[in-house]
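Peer 1: Following this message is one structure expressed as structure tokens.
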Amino acid sequence: MIAYASRTGNVKYIVSKLKVKSIEISEGLMLTEPYLLFTYTDGLGDIPVKVARFLDHNANHCKGVVVSGNSNFGHAVFGGAGDKIATTYQIPLVRKLDLRGYQADYEAIQQYYETRVTG
Ligand SMILES: Cc1cc2nc3c(=O)[nH]c(=O)nc-3n(C[C@H](O)[C@H](O)[C@H](O)COP(=O)(O)O)c2cc1C
């Protein structure tokens with residue numbers, strides 16, 4: 001299972017490249033099975049508010065986070081949501097993608113999913 005948040009479509013596109021069932025994060029969503037979290041980065045390296053709210057009730061089943069950012073924001077805050085989720089919730093950072101990323105990213109994520117989430 002993948003849970004994702006996407007504002008302008010990049011994360012949604014990344015998720016579409018994987019062979020895994022997915023659900024978009026909405027208010028009140030509760031997951032009872034292992035999942036990978038996909039998010040964009042907001043503010044200056046920040047976790048989107050809807051993702052933070054979701055994690056407050058769902059961090060226990062989260063097996064890893066994949067983050068999309070824009071490297072033009074600079075190294076200090078590129079994909080910062082992923083770094084903050086990893087440290088705040090003790091969740092492994094699986095991959096940081098620039099915008100939609102590349103085929104090699106999708107393959108690495110698929111591999112992680114099969115070994116660490118369903119494996
Ligand atoms: C208001 C705003 C703030 C952003 N801040 C950051 C940032 O601090 N670091 C970063 O890497 N990307 C930042 N981004 C870029 C997005 O995270 C990036 O474009 C991402 O691919 C968007 O995913 P989405 O299309 O699924 O919403 C920001 C984008 C917007 C619109």
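Simple scheme: letters A, B, ... for chains in structure tokens order, numbers from 1 for residues in each chain, numbers from 1 for ligands in the order shown.
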Collect all residues with atoms no farther than 7 Å from ligand 1, counting only C-alpha atoms and all ligand atoms, and output them as a ChimeraX atom specification.

Peer 2: /A:5-12,39-46,68-71,73,77-80,98-100

Peer 1: Near A:Val94, counting only C-alpha atoms, which residues have an atom at most 7 Å away, once you skip same-chain residues fewer than 5 positions from it, shown as number ranges by chain?

Peer 2: A: 64-66

Peer 1: Give me the residues of stretch 50-108 of chain A that have any atom at most 8 Å from an atom of stretch 14-26 of chain A; for each, the nearest atom pair and the distance in Å, rounded to one decimal. Use only C-alpha atoms, sort by chain and number, and format it as JSON lines.

Peer 2:
```
{"residue": "A:Lys50", "atom": "CA", "partner": "A:Ser26", "partner_atom": "CA", "distance": 7.6}
{"residue": "A:Val51", "atom": "CA", "partner": "A:Ile25", "partner_atom": "CA", "distance": 7.4}
{"residue": "A:Phe54", "atom": "CA", "partner": "A:Ile25", "partner_atom": "CA", "distance": 7.3}
{"residue": "A:Arg100", "atom": "CA", "partner": "A:Ile14", "partner_atom": "CA", "distance": 6.0}
{"residue": "A:Gly101", "atom": "CA", "partner": "A:Ile14", "partner_atom": "CA", "distance": 7.5}
{"residue": "A:Tyr106", "atom": "CA", "partner": "A:Lys17", "partner_atom": "CA", "distance": 6.5}
```

Peer 1: Which is closer to A:Gly28 than all the others in A:Ala81, A:Pro48, A:Arg95, A:Asn58, using only C-alpha atoms?

Peer 2: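 Looking at the shortest contact to A:Gly28, the residue is A:Asn58.
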
Peer 1: What does the distance from atom CA of A:Thr87 to atom CA of A:His61 come to in Å, to one decimal?

Peer 2: 16.0 Å

Peer 1: Would you list, as a PyMOL selection string, the residues of chain A that end up in helix (DSSP H, G or I) under DSSP run on this structure's backbone?

Peer 2: chain A and resi 10-16+49-61+71-73+80-89+103-117

Peer 1: Identify which of the residues A:Glu33, A:Met1, A:Gln103, A:Lys63 lies closest to A:Ala86, counting only C-alpha atoms when measuring atom-to-atom distances.

Peer 2: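 Between A:Glu33, A:Met1, A:Gln103, A:Lys63, the residue approaching A:Ala86 most closely is A:Lys63.
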
Peer 1: Can you work out the spacing between atom CA of A:Ala52 and atom CA of A:Val117 in Å, to one decimal?

Peer 2: 21.0 Å
